file input-v3.txt (compact mmCIF, C-alpha atoms and all ligand atoms)
# COMPACT_ATOMS: atom_id res chain seq x y z
CA MET A 1 256.79 206.29 50.22
CA ASN A 2 253.70 207.19 48.19
CA GLU A 3 250.47 208.39 49.81
CA ASP A 4 248.49 205.22 49.06
CA PHE A 5 251.13 203.05 50.66
CA LYS A 6 251.14 205.30 53.73
CA LYS A 7 247.37 204.88 53.90
CA ILE A 8 247.75 201.09 53.77
CA LEU A 9 250.28 201.18 56.61
CA LYS A 10 248.03 203.41 58.72
CA PHE A 11 245.20 200.96 58.18
CA LEU A 12 247.29 197.90 59.00
CA GLU A 13 248.47 199.51 62.25
CA LYS A 14 244.84 199.63 63.36
CA LEU A 15 244.51 195.84 63.17
CA PRO A 16 244.59 193.97 66.49
CA GLY A 17 248.03 192.86 67.59
CA ILE A 18 249.82 194.70 64.74
CA GLY A 19 252.37 197.32 65.67
CA LYS A 20 254.14 199.78 63.40
CA ARG A 21 256.92 197.36 62.49
CA SER A 22 254.55 194.46 61.63
CA ALA A 23 252.38 196.86 59.63
CA GLN A 24 255.41 197.79 57.53
CA ARG A 25 256.37 194.14 57.00
CA ILE A 26 252.82 193.21 55.94
CA GLY A 27 252.58 196.35 53.79
CA PHE A 28 255.70 195.45 51.82
CA TYR A 29 254.50 191.86 51.52
CA LEU A 30 251.17 193.01 50.08
CA LEU A 31 252.98 195.11 47.47
CA LYS A 32 254.75 191.99 46.23
CA MET A 33 251.53 190.00 45.94
CA ASP A 34 250.15 188.92 42.60
CA GLU A 35 247.59 191.45 41.31
CA ASN A 36 244.86 188.82 40.82
CA GLU A 37 245.38 187.56 44.34
CA ILE A 38 244.96 191.07 45.70
CA LYS A 39 241.75 191.50 43.68
CA GLU A 40 240.39 188.19 44.96
CA PHE A 41 241.24 189.14 48.53
CA THR A 42 239.66 192.60 48.40
CA ASN A 43 236.53 191.29 46.63
CA SER A 44 236.07 188.56 49.24
CA LEU A 45 236.48 191.09 52.01
CA ILE A 46 233.88 193.40 50.47
CA LEU A 47 231.45 190.52 49.81
CA ALA A 48 231.88 189.08 53.32
CA ARG A 49 231.27 192.51 54.84
CA GLU A 50 228.20 193.18 52.66
CA SER A 51 226.51 189.88 53.42
CA LEU A 52 227.16 190.21 57.14
CA LYS A 53 224.21 190.81 59.42
CA ILE A 54 223.88 190.85 63.18
CA CYS A 55 221.70 188.13 64.73
CA GLU A 56 218.59 189.62 66.30
CA GLU A 57 218.69 187.10 69.13
CA CYS A 58 222.29 187.03 70.29
CA PHE A 59 224.14 189.75 68.27
CA ASN A 60 226.50 187.24 66.72
CA TYR A 61 227.49 187.79 63.09
CA SER A 62 225.02 186.07 60.82
CA GLU A 63 224.11 185.67 57.18
CA GLU A 64 220.45 185.62 58.10
CA ARG A 65 218.16 187.40 60.55
CA ILE A 66 218.85 184.75 63.18
CA CYS A 67 222.27 183.10 63.36
CA LYS A 68 223.06 179.40 62.97
CA VAL A 69 223.73 178.91 66.68
CA CYS A 70 220.37 180.38 67.69
CA ARG A 71 218.55 178.41 64.97
CA ASN A 72 220.10 175.10 66.02
CA GLU A 73 217.43 173.12 67.88
CA ASN A 74 219.98 170.64 69.22
CA ARG A 75 221.57 173.29 71.41
CA ASP A 76 220.81 173.59 75.10
CA ASN A 77 218.47 176.54 75.67
CA SER A 78 219.02 176.44 79.42
CA LEU A 79 222.63 177.66 79.11
CA LEU A 80 223.52 181.21 78.12
CA CYS A 81 227.13 182.27 77.66
CA ILE A 82 227.88 186.00 77.66
CA VAL A 83 230.86 187.05 75.51
CA GLU A 84 232.29 190.41 74.55
CA GLU A 85 232.62 190.03 70.79
CA PRO A 86 231.42 187.72 67.99
CA SER A 87 235.05 186.65 67.55
CA HIS A 88 235.09 185.32 71.14
CA LEU A 89 231.96 183.30 70.41
CA PHE A 90 233.74 181.95 67.36
CA PHE A 91 236.75 180.85 69.43
CA ILE A 92 234.62 179.16 72.08
CA GLU A 93 232.71 177.42 69.28
CA SER A 94 235.92 176.14 67.72
CA SER A 95 236.88 174.49 71.01
CA LYS A 96 233.59 172.49 70.76
CA VAL A 97 233.28 172.46 74.56
CA TYR A 98 229.95 174.27 74.76
CA ASN A 99 226.51 173.41 73.47
CA GLY A 100 224.35 176.20 74.86
CA LYS A 101 223.34 179.60 73.50
CA TYR A 102 225.26 182.88 73.52
CA PHE A 103 224.80 186.55 74.05
CA VAL A 104 227.27 189.03 72.55
CA LEU A 105 227.68 192.12 74.70
CA GLY A 106 229.40 194.21 72.02
CA GLY A 107 231.83 195.87 74.43
CA LEU A 108 232.86 196.27 78.02
CA LEU A 109 231.75 198.65 80.72
CA THR A 110 234.75 200.93 80.53
CA SER A 111 235.24 200.88 76.77
CA GLU A 112 234.10 203.48 74.28
CA LYS A 113 231.35 201.04 73.31
CA GLU A 114 229.56 201.58 76.61
CA GLU A 115 226.40 202.95 74.94
CA ILE A 116 225.95 199.90 72.67
CA MET A 117 226.56 197.74 75.71
CA LYS A 118 223.84 199.37 77.80
CA GLU A 119 221.33 198.81 75.02
CA ARG A 120 222.40 195.19 74.80
CA ILE A 121 222.15 194.72 78.56
CA ASN A 122 218.48 195.66 78.33
CA LYS A 123 218.07 192.96 75.67
CA LEU A 124 219.97 190.55 77.89
CA LEU A 125 217.63 191.20 80.80
CA GLU A 126 214.62 190.60 78.53
CA LYS A 127 216.17 187.29 77.56
CA VAL A 128 216.89 186.30 81.15
CA LYS A 129 213.32 187.12 82.21
CA LYS A 130 211.79 185.27 79.26
CA ASN A 131 213.91 182.15 79.04
CA GLU A 132 214.01 179.07 81.18
CA LEU A 133 217.69 179.50 81.91
CA LYS A 134 219.48 177.22 84.32
CA GLU A 135 222.88 178.82 84.08
CA ILE A 136 224.38 182.09 82.85
CA ILE A 137 228.07 181.80 82.03
CA ILE A 138 230.07 185.01 81.97
CA ALA A 139 232.97 184.52 79.57
CA LEU A 140 234.67 187.89 79.38
CA ASN A 141 238.41 188.39 79.05
CA PRO A 142 240.38 188.27 82.32
CA THR A 143 241.38 191.94 82.10
CA THR A 144 240.59 194.89 84.39
CA GLU A 145 237.66 195.93 82.15
CA GLY A 146 236.53 192.32 81.79
CA GLU A 147 236.51 191.84 85.57
CA ALA A 148 234.64 195.08 86.18
CA THR A 149 232.02 194.19 83.57
CA SER A 150 231.66 190.64 84.94
CA TYR A 151 230.88 191.95 88.42
CA TYR A 152 228.54 194.54 87.01
CA LEU A 153 226.67 191.80 85.13
CA TYR A 154 226.60 189.59 88.21
CA ASP A 155 225.13 192.43 90.19
CA ILE A 156 222.24 193.04 87.83
CA LEU A 157 221.61 189.36 87.06
CA LYS A 158 221.66 187.92 90.57
CA GLU A 159 218.09 188.95 91.40
CA TYR A 160 216.78 186.56 88.74
CA ASN A 161 217.87 183.57 90.83
CA LYS A 162 219.82 181.82 88.12
CA LYS A 163 223.10 180.04 88.58
CA ILE A 164 225.76 182.51 87.45
CA THR A 165 229.22 181.19 86.66
CA ARG A 166 232.44 182.62 85.30
CA ILE A 167 235.11 181.10 83.15
CA GLY A 168 238.63 182.45 83.16
CA LEU A 169 240.15 180.38 85.89
CA GLY A 170 243.35 179.09 84.41
CA LEU A 171 243.44 181.91 81.90
CA PRO A 172 246.27 184.29 82.77
CA PHE A 173 245.26 187.80 83.82
CA GLY A 174 245.32 190.21 80.90
CA SER A 175 244.89 187.45 78.32
CA SER A 176 242.28 187.38 75.58
CA LEU A 177 240.01 184.59 74.41
CA GLU A 178 241.13 185.44 70.89
CA LEU A 179 244.69 184.46 71.67
CA THR A 180 243.83 181.40 73.73
CA ASP A 181 244.15 177.92 72.26
CA PRO A 182 241.12 175.55 72.16
CA ILE A 183 242.49 173.30 74.95
CA THR A 184 242.85 176.21 77.38
CA ILE A 185 239.38 177.50 76.42
CA THR A 186 237.98 174.00 77.07
CA LYS A 187 239.63 173.89 80.50
CA ALA A 188 238.45 177.40 81.36
CA MET A 189 234.90 176.48 80.33
CA GLU A 190 234.85 173.14 82.14
CA GLY A 191 236.38 174.72 85.26
CA ARG A 192 233.84 177.54 85.45
CA LYS A 193 232.87 178.47 88.97
CA GLU A 194 229.76 179.93 90.46
CA ILE A 195 230.05 183.59 91.45
CA SER A 196 228.85 184.36 94.92
ZN ZN A 201 222.20 184.27 67.32
call {"tool": "encode", "arguments": {"input": "input-v3.txt", "output": "C-alpha cells"}}
result
Amino acid sequence: MNEDFKKILKFLEKLPGIGKRSAQRIGFYLLKMDENEIKEFTNSLILARESLKICEECFNYSEERICKVCRNENRDNSLLCIVEEPSHLFFIESSKVYNGKYFVLGGLLTSEKEEIMKERINKLLEKVKKNELKEIIIALNPTTEGEATSYYLYDILKEYNKKITRIGLGLPFGSSLELTDPITITKAMEGRKEIS
C-alpha cells in the first residue's frame, strides 16, 4: 500500500459512521473512479468549503453573513430551536415540520467543544433576553451528553420565563438526529413536551 493511499484511508476512517473496513472499501472504490470525476469531486469540495460562512445570528452554515433561515421573514420569530450542529438543523429542515428559528450550539457540554459552546451560550442568552420568544425547543440528541446539556440549558434558561420544550420522545436513546428519518423527526418535533 503506498503512503498516499494510507493517508486516504486514515482520512476516511475519521468520517462519521465509517470504520476501518468501510474506509478500505471506499478507498478502493475511489481508486477505481474516473480521473475527471475525482477532479470534479475535489474541486466542488474545496469550493463548497471556501464559500462557507457561519451565520452571525444562529451559527448555521451560510453563504452570506446571515443565513437563509434567519433572513426568511415568513418564519416564526417566537420559536427558537436549539440544535447541536448545522447538520441537525439541516435534517430538521428537510422534515419540513418546523417553521421557527434556530440556534446552533456547536457542541455539547461534555465534548471537547465545550469552550465554543460556552461562548455560544452567552450569545444564546443575549438572544433570549432580546427576542419576543414564546417557546424554546431543545433538540439535542438523546444521548448521555445530549441529556446533560439539555438539563444544563434548561437550568440557565428557566429564569427567563419562556416555555421550554424538548423533542426526543420517540427517538431511541443513543440515536442521532443525523440518522433519523424525516417521519420520526416530525413525530419527535410534534410530540415535544414541556420540561418542568
Ligand atoms: Zn442563521
call {"tool": "atom_distance", "arguments": {"input": "input-v3.txt", "atom1": "atom CA of Ile92 of chain A", "atom2": "atom CA of Met117 of chain A"}}
result
20.6 Å
call {"tool": "residues_around", "arguments": {"input": "input-v3.txt", "residues": "Asp4 of chain A", "least_positions_apart": "6", "cutoff": "12 Å", "atoms": "all atoms listed in the file", "output": "list in words"}}
result
Lys10, Phe11, Gly27 and Leu31 of chain A
call {"tool": "write_last_selection", "arguments": {"input": "input-v3.txt", "atoms": "C-alpha atoms", "output": "mmCIF file, in the coordinates of the input"}}
result
data_model
loop_
_atom_site.group_PDB
_atom_site.id
_atom_site.type_symbol
_atom_site.label_atom_id
_atom_site.label_comp_id
_atom_site.auth_asym_id
_atom_site.auth_seq_id
_atom_site.Cartn_x
_atom_site.Cartn_y
_atom_site.Cartn_z
ATOM 1 C CA LYS A 10 248.030 203.410 58.720
ATOM 2 C CA PHE A 11 245.200 200.960 58.180
ATOM 3 C CA GLY A 27 252.580 196.350 53.790
ATOM 4 C CA LEU A 31 252.980 195.110 47.470
#
call {"tool": "residues_near_ligand", "arguments": {"input": "input-v3.txt", "ligand": "ligand ZN 201 (chain A)", "cutoff": "10 Å", "atoms": "all atoms listed in the file", "output": "CSV table (one decimal) with C-alpha atoms, in the frame of the given file"}}
result
chain,number,residue,atom,x,y,z
A,54,ILE,CA,223.9,190.8,63.2
A,55,CYS,CA,221.7,188.1,64.7
A,56,GLU,CA,218.6,189.6,66.3
A,57,GLU,CA,218.7,187.1,69.1
A,58,CYS,CA,222.3,187.0,70.3
A,59,PHE,CA,224.1,189.8,68.3
A,60,ASN,CA,226.5,187.2,66.7
A,61,TYR,CA,227.5,187.8,63.1
A,62,SER,CA,225.0,186.1,60.8
A,64,GLU,CA,220.4,185.6,58.1
A,65,ARG,CA,218.2,187.4,60.6
A,66,ILE,CA,218.8,184.8,63.2
A,67,CYS,CA,222.3,183.1,63.4
A,68,LYS,CA,223.1,179.4,63.0
A,69,VAL,CA,223.7,178.9,66.7
A,70,CYS,CA,220.4,180.4,67.7
A,71,ARG,CA,218.6,178.4,65.0
A,72,ASN,CA,220.1,175.1,66.0
A,86,PRO,CA,231.4,187.7,68.0
A,101,LYS,CA,223.3,179.6,73.5
A,102,TYR,CA,225.3,182.9,73.5
A,103,PHE,CA,224.8,186.6,74.0
A,104,VAL,CA,227.3,189.0,72.6
call {"tool": "atom_distance", "arguments": {"input": "input-v3.txt", "atom1": "atom CA of Thr180 of chain A", "atom2": "atom CA of Ala139 of chain A"}}
result
12.7 Å
call {"tool": "closest_atom_pairs", "arguments": {"input": "input-v3.txt", "of": "segment 9-120 of chain A", "to": "segment 155-171 of chain A", "cutoff": "10 Å", "atoms": "all atoms listed in the file", "output": "Markdown table"}}
result
| residue | atom | partner | partner_atom | distance |
| --- | --- | --- | --- | --- |
| A:Leu79 | CA | A:Lys163 | CA | 9.8 |
| A:Leu80 | CA | A:Ile164 | CA | 9.7 |
| A:Cys81 | CA | A:Thr165 | CA | 9.3 |
| A:Ile82 | CA | A:Arg166 | CA | 9.5 |
call {"tool": "atom_distance", "arguments": {"input": "input-v3.txt", "atom1": "atom CA of Glu115 of chain A", "atom2": "atom CA of Thr149 of chain A"}}
result
13.5 Å
call {"tool": "axis_aligned_box", "arguments": {"input": "input-v3.txt", "around": "segment 21-39 of chain A", "padding_each_side": "5 Å", "output": "AutoDock Vina command-line options"}}
result
--center_x 249.3 --center_y 192.7 --center_z 51.7 --size_x 25.2 --size_y 20.2 --size_z 31.7
call {"tool": "residues_around", "arguments": {"input": "input-v3.txt", "residues": "Ser51 of chain A", "least_positions_apart": "2", "cutoff": "9 Å", "atoms": "all atoms listed in the file", "output": "PyMOL selection string"}}
result
chain A and resi 46-49+53+62-64
call {"tool": "closest_residue", "arguments": {"input": "input-v3.txt", "among": "A:Ser94, A:Leu109, A:Pro142, A:Glu132", "to": "Ile183 of chain A", "atoms": "all atoms listed in the file"}}
result
A:Ser94
call {"tool": "closest_residue", "arguments": {"input": "input-v3.txt", "among": "A:Ala188, A:Gln24, A:Leu89, A:Leu108", "to": "Tyr152 of chain A", "atoms": "all atoms listed in the file"}}
result
A:Leu108
call {"tool": "residues_around", "arguments": {"input": "input-v3.txt", "residues": "Thr186 of chain A", "least_positions_apart": "4", "cutoff": "8 Å", "atoms": "all atoms listed in the file", "output": "PyMOL selection string"}}
result
chain A and resi 92+95-97+182+190
call {"tool": "write_last_selection", "arguments": {"input": "input-v3.txt", "atoms": "C-alpha atoms", "output": "JSON list (two decimals), keeping the file's coordinate frame"}}
result
[["chain", "number", "residue", "atom", "x", "y", "z"],
["A", 92, "ILE", "CA", 234.62, 179.16, 72.08],
["A", 95, "SER", "CA", 236.88, 174.49, 71.01],
["A", 96, "LYS", "CA", 233.59, 172.49, 70.76],
["A", 97, "VAL", "CA", 233.28, 172.46, 74.56],
["A", 182, "PRO", "CA", 241.12, 175.55, 72.16],
["A", 190, "GLU", "CA", 234.85, 173.14, 82.14]]
call {"tool": "closest_residue", "arguments": {"input": "input-v3.txt", "among": "A:Phe41, A:Phe28, A:Tyr151, A:Phe91", "to": "Ile185 of chain A", "atoms": "all atoms listed in the file"}}
result
A:Phe91
call {"tool": "residues_around", "arguments": {"input": "input-v3.txt", "residues": "Glu114 of chain A", "least_positions_apart": "6", "cutoff": "12 Å", "atoms": "all atoms listed in the file", "output": "list of chain:residue names"}}
result
A:Glu84, A:Leu105, A:Gly106, A:Gly107, A:Leu108, A:Arg120, A:Ile121, A:Glu145, A:Thr149
call {"tool": "closest_residue", "arguments": {"input": "input-v3.txt", "among": "A:Leu153, A:Asp181, A:Leu9, A:Gly17", "to": "Val83 of chain A", "atoms": "only C-alpha atoms"}}
result
A:Leu153
call {"tool": "closest_residue", "arguments": {"input": "input-v3.txt", "among": "A:His88, A:Thr110, A:Glu3, A:Leu15", "to": "Ala148 of chain A", "atoms": "all atoms listed in the file"}}
result
A:Thr110
